[in-house]
$ cat model.pdb   # PDB, N, CA and C atoms, pLDDT in the B column
ATOM      1  N   MET A  41      63.161  64.293  86.141  1.00 62.00           N
ATOM      2  CA  MET A  41      62.338  64.533  87.306  1.00 62.00           C
ATOM      3  C   MET A  41      62.409  66.022  87.657  1.00 62.00           C
ATOM      4  N   ALA A  42      61.266  66.621  87.882  1.00 68.00           N
ATOM      5  CA  ALA A  42      61.206  68.042  88.223  1.00 68.00           C
ATOM      6  C   ALA A  42      61.728  68.271  89.634  1.00 68.00           C
ATOM      7  N   LYS A  43      62.373  69.412  89.817  1.00 73.00           N
ATOM      8  CA  LYS A  43      62.863  69.766  91.149  1.00 73.00           C
ATOM      9  C   LYS A  43      61.690  70.104  92.051  1.00 73.00           C
ATOM     10  N   ARG A  44      61.770  69.658  93.292  1.00 66.00           N
ATOM     11  CA  ARG A  44      60.764  70.002  94.299  1.00 66.00           C
ATOM     12  C   ARG A  44      61.493  70.641  95.462  1.00 66.00           C
ATOM     13  N   PHE A  45      60.919  71.683  95.959  1.00 66.00           N
ATOM     14  CA  PHE A  45      61.489  72.386  97.089  1.00 66.00           C
ATOM     15  C   PHE A  45      60.643  72.132  98.327  1.00 66.00           C
ATOM     16  N   VAL A  46      61.263  72.246  99.481  1.00 62.00           N
ATOM     17  CA  VAL A  46      60.539  72.057 100.737  1.00 62.00           C
ATOM     18  C   VAL A  46      59.321  72.964 100.781  1.00 62.00           C
ATOM     19  N   ARG A  47      59.455  74.192 100.329  1.00 64.00           N
ATOM     20  CA  ARG A  47      58.329  75.137 100.378  1.00 64.00           C
ATOM     21  C   ARG A  47      57.134  74.656  99.552  1.00 64.00           C
ATOM     22  N   ASP A  48      57.385  73.767  98.573  1.00 63.00           N
ATOM     23  CA  ASP A  48      56.303  73.247  97.736  1.00 63.00           C
ATOM     24  C   ASP A  48      55.480  72.169  98.435  1.00 63.00           C
ATOM     25  N   ILE A  49      56.066  71.513  99.421  1.00 59.00           N
ATOM     26  CA  ILE A  49      55.360  70.426 100.096  1.00 59.00           C
ATOM     27  C   ILE A  49      55.134  70.685 101.577  1.00 59.00           C
ATOM     28  N   TYR A  50      55.725  71.737 102.090  1.00 60.00           N
ATOM     29  CA  TYR A  50      55.613  72.067 103.515  1.00 60.00           C
ATOM     30  C   TYR A  50      54.210  72.535 103.848  1.00 60.00           C
ATOM     31  N   HIS A  51      53.681  72.065 104.956  1.00 59.00           N
ATOM     32  CA  HIS A  51      52.363  72.492 105.419  1.00 59.00           C
ATOM     33  C   HIS A  51      52.551  73.275 106.702  1.00 59.00           C
ATOM     34  N   LYS A  52      52.171  74.514 106.695  1.00 65.00           N
ATOM     35  CA  LYS A  52      52.312  75.355 107.878  1.00 65.00           C
ATOM     36  C   LYS A  52      51.162  75.070 108.836  1.00 65.00           C
ATOM     37  N   GLY A  53      51.500  74.816 110.074  1.00 75.00           N
ATOM     38  CA  GLY A  53      50.480  74.569 111.082  1.00 75.00           C
ATOM     39  C   GLY A  53      50.163  73.092 111.232  1.00 75.00           C
ATOM     40  N   VAL A  54      49.334  72.813 112.205  1.00 81.00           N
ATOM     41  CA  VAL A  54      48.929  71.447 112.499  1.00 81.00           C
ATOM     42  C   VAL A  54      47.444  71.311 112.216  1.00 81.00           C
ATOM     43  N   ILE A  55      47.073  70.264 111.542  1.00 88.00           N
ATOM     44  CA  ILE A  55      45.663  70.019 111.275  1.00 88.00           C
ATOM     45  C   ILE A  55      45.165  69.026 112.311  1.00 88.00           C
ATOM     46  N   PHE A  56      44.069  69.382 112.950  1.00 91.00           N
ATOM     47  CA  PHE A  56      43.507  68.495 113.958  1.00 91.00           C
ATOM     48  C   PHE A  56      42.004  68.386 113.763  1.00 91.00           C
ATOM     49  N   CYS A  57      41.426  67.389 114.400  1.00 94.00           N
ATOM     50  CA  CYS A  57      39.975  67.227 114.413  1.00 94.00           C
ATOM     51  C   CYS A  57      39.551  66.888 115.833  1.00 94.00           C
ATOM     52  N   LYS A  58      38.282  67.054 116.100  1.00 95.00           N
ATOM     53  CA  LYS A  58      37.742  66.703 117.412  1.00 95.00           C
ATOM     54  C   LYS A  58      37.428  65.205 117.437  1.00 95.00           C
ATOM     55  N   PRO A  59      37.383  64.611 118.623  1.00 96.00           N
ATOM     56  CA  PRO A  59      37.149  63.164 118.728  1.00 96.00           C
ATOM     57  C   PRO A  59      35.856  62.686 118.079  1.00 96.00           C
ATOM     58  N   ASP A  60      34.832  63.532 118.049  1.00 97.00           N
ATOM     59  CA  ASP A  60      33.542  63.113 117.491  1.00 97.00           C
ATOM     60  C   ASP A  60      33.399  63.399 115.999  1.00 97.00           C
ATOM     61  N   THR A  61      34.481  63.798 115.346  1.00 96.00           N
ATOM     62  CA  THR A  61      34.450  64.060 113.906  1.00 96.00           C
ATOM     63  C   THR A  61      34.231  62.751 113.143  1.00 96.00           C
ATOM     64  N   PRO A  62      33.260  62.727 112.218  1.00 97.00           N
ATOM     65  CA  PRO A  62      33.052  61.510 111.417  1.00 97.00           C
ATOM     66  C   PRO A  62      34.310  61.163 110.613  1.00 97.00           C
ATOM     67  N   LEU A  63      34.636  59.892 110.555  1.00 96.00           N
ATOM     68  CA  LEU A  63      35.825  59.457 109.826  1.00 96.00           C
ATOM     69  C   LEU A  63      35.751  59.861 108.359  1.00 96.00           C
ATOM     70  N   GLU A  64      34.564  59.901 107.809  1.00 96.00           N
ATOM     71  CA  GLU A  64      34.365  60.338 106.427  1.00 96.00           C
ATOM     72  C   GLU A  64      34.927  61.752 106.225  1.00 96.00           C
ATOM     73  N   GLU A  65      34.690  62.633 107.184  1.00 96.00           N
ATOM     74  CA  GLU A  65      35.200  64.005 107.106  1.00 96.00           C
ATOM     75  C   GLU A  65      36.717  64.035 107.289  1.00 96.00           C
ATOM     76  N   VAL A  66      37.240  63.220 108.184  1.00 96.00           N
ATOM     77  CA  VAL A  66      38.688  63.142 108.398  1.00 96.00           C
ATOM     78  C   VAL A  66      39.379  62.738 107.098  1.00 96.00           C
ATOM     79  N   VAL A  67      38.840  61.733 106.425  1.00 96.00           N
ATOM     80  CA  VAL A  67      39.417  61.261 105.163  1.00 96.00           C
ATOM     81  C   VAL A  67      39.374  62.361 104.106  1.00 96.00           C
ATOM     82  N   ARG A  68      38.281  63.092 104.049  1.00 95.00           N
ATOM     83  CA  ARG A  68      38.149  64.181 103.078  1.00 95.00           C
ATOM     84  C   ARG A  68      39.214  65.259 103.324  1.00 95.00           C
ATOM     85  N   VAL A  69      39.419  65.636 104.577  1.00 94.00           N
ATOM     86  CA  VAL A  69      40.432  66.647 104.910  1.00 94.00           C
ATOM     87  C   VAL A  69      41.825  66.131 104.559  1.00 94.00           C
ATOM     88  N   MET A  70      42.094  64.875 104.865  1.00 93.00           N
ATOM     89  CA  MET A  70      43.398  64.298 104.540  1.00 93.00           C
ATOM     90  C   MET A  70      43.646  64.342 103.031  1.00 93.00           C
ATOM     91  N   ALA A  71      42.643  64.015 102.253  1.00 93.00           N
ATOM     92  CA  ALA A  71      42.783  64.025 100.791  1.00 93.00           C
ATOM     93  C   ALA A  71      42.935  65.446 100.254  1.00 93.00           C
ATOM     94  N   ASP A  72      42.125  66.371 100.772  1.00 91.00           N
ATOM     95  CA  ASP A  72      42.154  67.756 100.292  1.00 91.00           C
ATOM     96  C   ASP A  72      43.461  68.463 100.616  1.00 91.00           C
ATOM     97  N   THR A  73      44.083  68.107 101.734  1.00 88.00           N
ATOM     98  CA  THR A  73      45.314  68.780 102.163  1.00 88.00           C
ATOM     99  C   THR A  73      46.560  67.950 101.887  1.00 88.00           C
ATOM    100  N   ASP A  74      46.368  66.763 101.310  1.00 88.00           N
ATOM    101  CA  ASP A  74      47.475  65.870 100.954  1.00 88.00           C
ATOM    102  C   ASP A  74      48.362  65.555 102.159  1.00 88.00           C
ATOM    103  N   ILE A  75      47.709  65.181 103.270  1.00 90.00           N
ATOM    104  CA  ILE A  75      48.451  64.765 104.458  1.00 90.00           C
ATOM    105  C   ILE A  75      48.096  63.317 104.772  1.00 90.00           C
ATOM    106  N   HIS A  76      48.899  62.681 105.600  1.00 92.00           N
ATOM    107  CA  HIS A  76      48.723  61.262 105.888  1.00 92.00           C
ATOM    108  C   HIS A  76      48.212  60.985 107.290  1.00 92.00           C
ATOM    109  N   ALA A  77      48.065  62.037 108.101  1.00 94.00           N
ATOM    110  CA  ALA A  77      47.573  61.841 109.466  1.00 94.00           C
ATOM    111  C   ALA A  77      47.012  63.147 110.008  1.00 94.00           C
ATOM    112  N   ILE A  78      46.056  63.013 110.925  1.00 95.00           N
ATOM    113  CA  ILE A  78      45.437  64.170 111.576  1.00 95.00           C
ATOM    114  C   ILE A  78      45.451  63.933 113.080  1.00 95.00           C
ATOM    115  N   ILE A  79      45.854  64.950 113.820  1.00 94.00           N
ATOM    116  CA  ILE A  79      45.851  64.898 115.281  1.00 94.00           C
ATOM    117  C   ILE A  79      44.412  64.981 115.778  1.00 94.00           C
ATOM    118  N   VAL A  80      44.077  64.190 116.780  1.00 95.00           N
ATOM    119  CA  VAL A  80      42.757  64.238 117.412  1.00 95.00           C
ATOM    120  C   VAL A  80      42.925  64.933 118.761  1.00 95.00           C
ATOM    121  N   ALA A  81      42.173  66.023 118.964  1.00 94.00           N
ATOM    122  CA  ALA A  81      42.248  66.798 120.207  1.00 94.00           C
ATOM    123  C   ALA A  81      40.910  67.481 120.442  1.00 94.00           C
ATOM    124  N   GLU A  82      40.676  67.880 121.677  1.00 94.00           N
ATOM    125  CA  GLU A  82      39.423  68.570 122.019  1.00 94.00           C
ATOM    126  C   GLU A  82      39.360  69.967 121.412  1.00 94.00           C
ATOM    127  N   GLY A  83      40.512  70.559 121.151  1.00 85.00           N
ATOM    128  CA  GLY A  83      40.562  71.891 120.565  1.00 85.00           C
ATOM    129  C   GLY A  83      41.988  72.273 120.244  1.00 85.00           C
ATOM    130  N   GLU A  84      42.144  73.336 119.494  1.00 78.00           N
ATOM    131  CA  GLU A  84      43.472  73.803 119.117  1.00 78.00           C
ATOM    132  C   GLU A  84      44.252  74.172 120.367  1.00 78.00           C
ATOM    133  N   GLY A  85      45.476  73.697 120.453  1.00 80.00           N
ATOM    134  CA  GLY A  85      46.329  74.007 121.589  1.00 80.00           C
ATOM    135  C   GLY A  85      46.118  73.098 122.791  1.00 80.00           C
ATOM    136  N   THR A  86      45.214  72.124 122.684  1.00 87.00           N
ATOM    137  CA  THR A  86      44.999  71.195 123.792  1.00 87.00           C
ATOM    138  C   THR A  86      45.839  69.938 123.592  1.00 87.00           C
ATOM    139  N   GLN A  87      45.955  69.166 124.636  1.00 92.00           N
ATOM    140  CA  GLN A  87      46.741  67.930 124.600  1.00 92.00           C
ATOM    141  C   GLN A  87      46.166  66.961 123.561  1.00 92.00           C
ATOM    142  N   PRO A  88      46.993  66.440 122.661  1.00 94.00           N
ATOM    143  CA  PRO A  88      46.504  65.457 121.690  1.00 94.00           C
ATOM    144  C   PRO A  88      45.995  64.196 122.386  1.00 94.00           C
ATOM    145  N   LEU A  89      44.896  63.668 121.885  1.00 96.00           N
ATOM    146  CA  LEU A  89      44.336  62.423 122.403  1.00 96.00           C
ATOM    147  C   LEU A  89      44.820  61.227 121.593  1.00 96.00           C
ATOM    148  N   GLY A  90      45.185  61.492 120.345  1.00 97.00           N
ATOM    149  CA  GLY A  90      45.641  60.443 119.447  1.00 97.00           C
ATOM    150  C   GLY A  90      45.844  60.997 118.056  1.00 97.00           C
ATOM    151  N   VAL A  91      45.998  60.101 117.105  1.00 97.00           N
ATOM    152  CA  VAL A  91      46.195  60.493 115.718  1.00 97.00           C
ATOM    153  C   VAL A  91      45.468  59.491 114.822  1.00 97.00           C
ATOM    154  N   VAL A  92      44.834  60.006 113.772  1.00 97.00           N
ATOM    155  CA  VAL A  92      44.216  59.151 112.757  1.00 97.00           C
ATOM    156  C   VAL A  92      45.131  59.196 111.537  1.00 97.00           C
ATOM    157  N   SER A  93      45.648  58.037 111.156  1.00 96.00           N
ATOM    158  CA  SER A  93      46.542  57.953 110.002  1.00 96.00           C
ATOM    159  C   SER A  93      45.879  57.149 108.887  1.00 96.00           C
ATOM    160  N   HIS A  94      46.536  57.135 107.730  1.00 94.00           N
ATOM    161  CA  HIS A  94      46.037  56.317 106.622  1.00 94.00           C
ATOM    162  C   HIS A  94      45.896  54.856 107.050  1.00 94.00           C
ATOM    163  N   THR A  95      46.830  54.382 107.852  1.00 96.00           N
ATOM    164  CA  THR A  95      46.781  53.002 108.325  1.00 96.00           C
ATOM    165  C   THR A  95      45.520  52.737 109.137  1.00 96.00           C
ATOM    166  N   ASP A  96      45.150  53.689 109.988  1.00 96.00           N
ATOM    167  CA  ASP A  96      43.927  53.550 110.783  1.00 96.00           C
ATOM    168  C   ASP A  96      42.697  53.506 109.881  1.00 96.00           C
ATOM    169  N   VAL A  97      42.700  54.319 108.848  1.00 96.00           N
ATOM    170  CA  VAL A  97      41.569  54.365 107.914  1.00 96.00           C
ATOM    171  C   VAL A  97      41.468  53.054 107.133  1.00 96.00           C
ATOM    172  N   ILE A  98      42.592  52.572 106.646  1.00 95.00           N
ATOM    173  CA  ILE A  98      42.608  51.332 105.863  1.00 95.00           C
ATOM    174  C   ILE A  98      42.084  50.155 106.680  1.00 95.00           C
ATOM    175  N   ALA A  99      42.336  50.163 107.976  1.00 95.00           N
ATOM    176  CA  ALA A  99      41.859  49.084 108.848  1.00 95.00           C
ATOM    177  C   ALA A  99      40.333  49.004 108.876  1.00 95.00           C
ATOM    178  N   HIS A 100      39.666  50.079 108.444  1.00 94.00           N
ATOM    179  CA  HIS A 100      38.203  50.115 108.449  1.00 94.00           C
ATOM    180  C   HIS A 100      37.628  50.151 107.032  1.00 94.00           C
ATOM    181  N   TYR A 101      38.434  49.686 106.070  1.00 93.00           N
ATOM    182  CA  TYR A 101      37.997  49.632 104.678  1.00 93.00           C
ATOM    183  C   TYR A 101      36.704  48.822 104.568  1.00 93.00           C
ATOM    184  N   GLY A 102      35.756  49.350 103.819  1.00 94.00           N
ATOM    185  CA  GLY A 102      34.499  48.661 103.591  1.00 94.00           C
ATOM    186  C   GLY A 102      33.412  48.998 104.598  1.00 94.00           C
ATOM    187  N   GLU A 103      33.797  49.682 105.678  1.00 94.00           N
ATOM    188  CA  GLU A 103      32.810  50.087 106.675  1.00 94.00           C
ATOM    189  C   GLU A 103      32.226  51.446 106.293  1.00 94.00           C
ATOM    190  N   ASP A 104      31.113  51.793 106.874  1.00 94.00           N
ATOM    191  CA  ASP A 104      30.471  53.088 106.634  1.00 94.00           C
ATOM    192  C   ASP A 104      31.235  54.156 107.415  1.00 94.00           C
ATOM    193  N   LEU A 105      32.070  54.912 106.722  1.00 91.00           N
ATOM    194  CA  LEU A 105      32.933  55.897 107.373  1.00 91.00           C
ATOM    195  C   LEU A 105      32.155  57.033 108.018  1.00 91.00           C
ATOM    196  N   SER A 106      30.923  57.256 107.592  1.00 92.00           N
ATOM    197  CA  SER A 106      30.120  58.323 108.191  1.00 92.00           C
ATOM    198  C   SER A 106      29.619  57.925 109.582  1.00 92.00           C
ATOM    199  N   ARG A 107      29.644  56.635 109.877  1.00 96.00           N
ATOM    200  CA  ARG A 107      29.178  56.157 111.189  1.00 96.00           C
ATOM    201  C   ARG A 107      30.309  56.052 112.212  1.00 96.00           C
ATOM    202  N   LEU A 108      31.552  55.998 111.734  1.00 97.00           N
ATOM    203  CA  LEU A 108      32.707  55.902 112.626  1.00 97.00           C
ATOM    204  C   LEU A 108      33.188  57.295 113.014  1.00 97.00           C
ATOM    205  N   ARG A 109      33.708  57.427 114.204  1.00 98.00           N
ATOM    206  CA  ARG A 109      34.238  58.700 114.701  1.00 98.00           C
ATOM    207  C   ARG A 109      35.753  58.591 114.847  1.00 98.00           C
ATOM    208  N   ALA A 110      36.414  59.732 114.777  1.00 97.00           N
ATOM    209  CA  ALA A 110      37.872  59.768 114.884  1.00 97.00           C
ATOM    210  C   ALA A 110      38.348  59.055 116.145  1.00 97.00           C
ATOM    211  N   SER A 111      37.652  59.259 117.257  1.00 97.00           N
ATOM    212  CA  SER A 111      38.059  58.649 118.528  1.00 97.00           C
ATOM    213  C   SER A 111      37.970  57.128 118.510  1.00 97.00           C
ATOM    214  N   GLU A 112      37.164  56.569 117.621  1.00 97.00           N
ATOM    215  CA  GLU A 112      36.995  55.117 117.546  1.00 97.00           C
ATOM    216  C   GLU A 112      38.118  54.433 116.771  1.00 97.00           C
ATOM    217  N   VAL A 113      38.804  55.175 115.922  1.00 97.00           N
ATOM    218  CA  VAL A 113      39.815  54.560 115.062  1.00 97.00           C
ATOM    219  C   VAL A 113      41.223  55.097 115.305  1.00 97.00           C
ATOM    220  N   MET A 114      41.345  56.154 116.094  1.00 97.00           N
ATOM    221  CA  MET A 114      42.649  56.793 116.290  1.00 97.00           C
ATOM    222  C   MET A 114      43.620  55.879 117.032  1.00 97.00           C
ATOM    223  N   THR A 115      44.889  56.126 116.812  1.00 97.00           N
ATOM    224  CA  THR A 115      45.949  55.483 117.567  1.00 97.00           C
ATOM    225  C   THR A 115      46.233  56.371 118.765  1.00 97.00           C
ATOM    226  N   GLN A 116      46.204  55.795 119.946  1.00 95.00           N
ATOM    227  CA  GLN A 116      46.428  56.568 121.168  1.00 95.00           C
ATOM    228  C   GLN A 116      47.874  56.444 121.621  1.00 95.00           C
ATOM    229  N   GLY A 117      48.245  57.292 122.556  1.00 83.00           N
ATOM    230  CA  GLY A 117      49.576  57.215 123.139  1.00 83.00           C
ATOM    231  C   GLY A 117      50.673  57.750 122.246  1.00 83.00           C
ATOM    232  N   VAL A 118      50.343  58.754 121.466  1.00 73.00           N
ATOM    233  CA  VAL A 118      51.347  59.341 120.566  1.00 73.00           C
ATOM    234  C   VAL A 118      51.957  60.577 121.170  1.00 73.00           C
TER
END

$ encode --input "model.pdb" --output "structure tokens"
Amino acid sequence: MAKRFVRDIYHKGVIFCKPDTPLEEVVRVMADTDIHAIIVAEGEGTQPLGVVSHTDVIAHYGEDLSRLRASEVMTQGV
């Protein structure tokens, strides 16, 4: 097994999306950045409204992800 260092998997900063972001776009960002969740907020530095995780996405498997918004599937109270 090859050695992996924290610097190889560490992601600097927080990735967030706005509540009205299409779930299709959220999934694309998660895949492109190899992360498992995205914070939902009105803007950078604002109070988080929730989080969209892989689990939230899987719960909507088979649905049209372009019609769903982050705010509709996010987990609140995080």

$ resolve_selection --input "model.pdb" --expression "the PyMOL selection byres ((chain A and resi 85-97) around 6)" --output "number ranges by chain"
A: 76-84, 98-101, 113-118

$ resolve_selection --input "model.pdb" --expression "the PyMOL selection byres (((chain A and resi 107 and name CA) around 10) and name CA)" --output "number ranges by chain"
A: 61-64, 103-106, 108-109

$ select_by_dssp --input "model.pdb" --residues "chain A" --states "strand (DSSP E or B)" --output "NGL selection string"
:A and (56-57 or 62 or 77-80 or 90-93 or 109 or 115-116)

$ select_by_dssp --input "model.pdb" --residues "chain A" --states "alpha helix (DSSP H)" --output "PyMOL selection string"
chain A and resi 46-49+63-73+94-98+110-113

$ residues_near_point --input "model.pdb" --point "(37.7, 61.6, 119.2)" --cutoff "5 Å" --atoms "all atoms listed in the file" --output "PyMOL selection string"
chain A and resi 58-60+110-111

$ atom_distance --input "model.pdb" --atom1 "atom CA of Val69 of chain A" --atom2 "atom CA of Gly102 of chain A"
19.0 Å
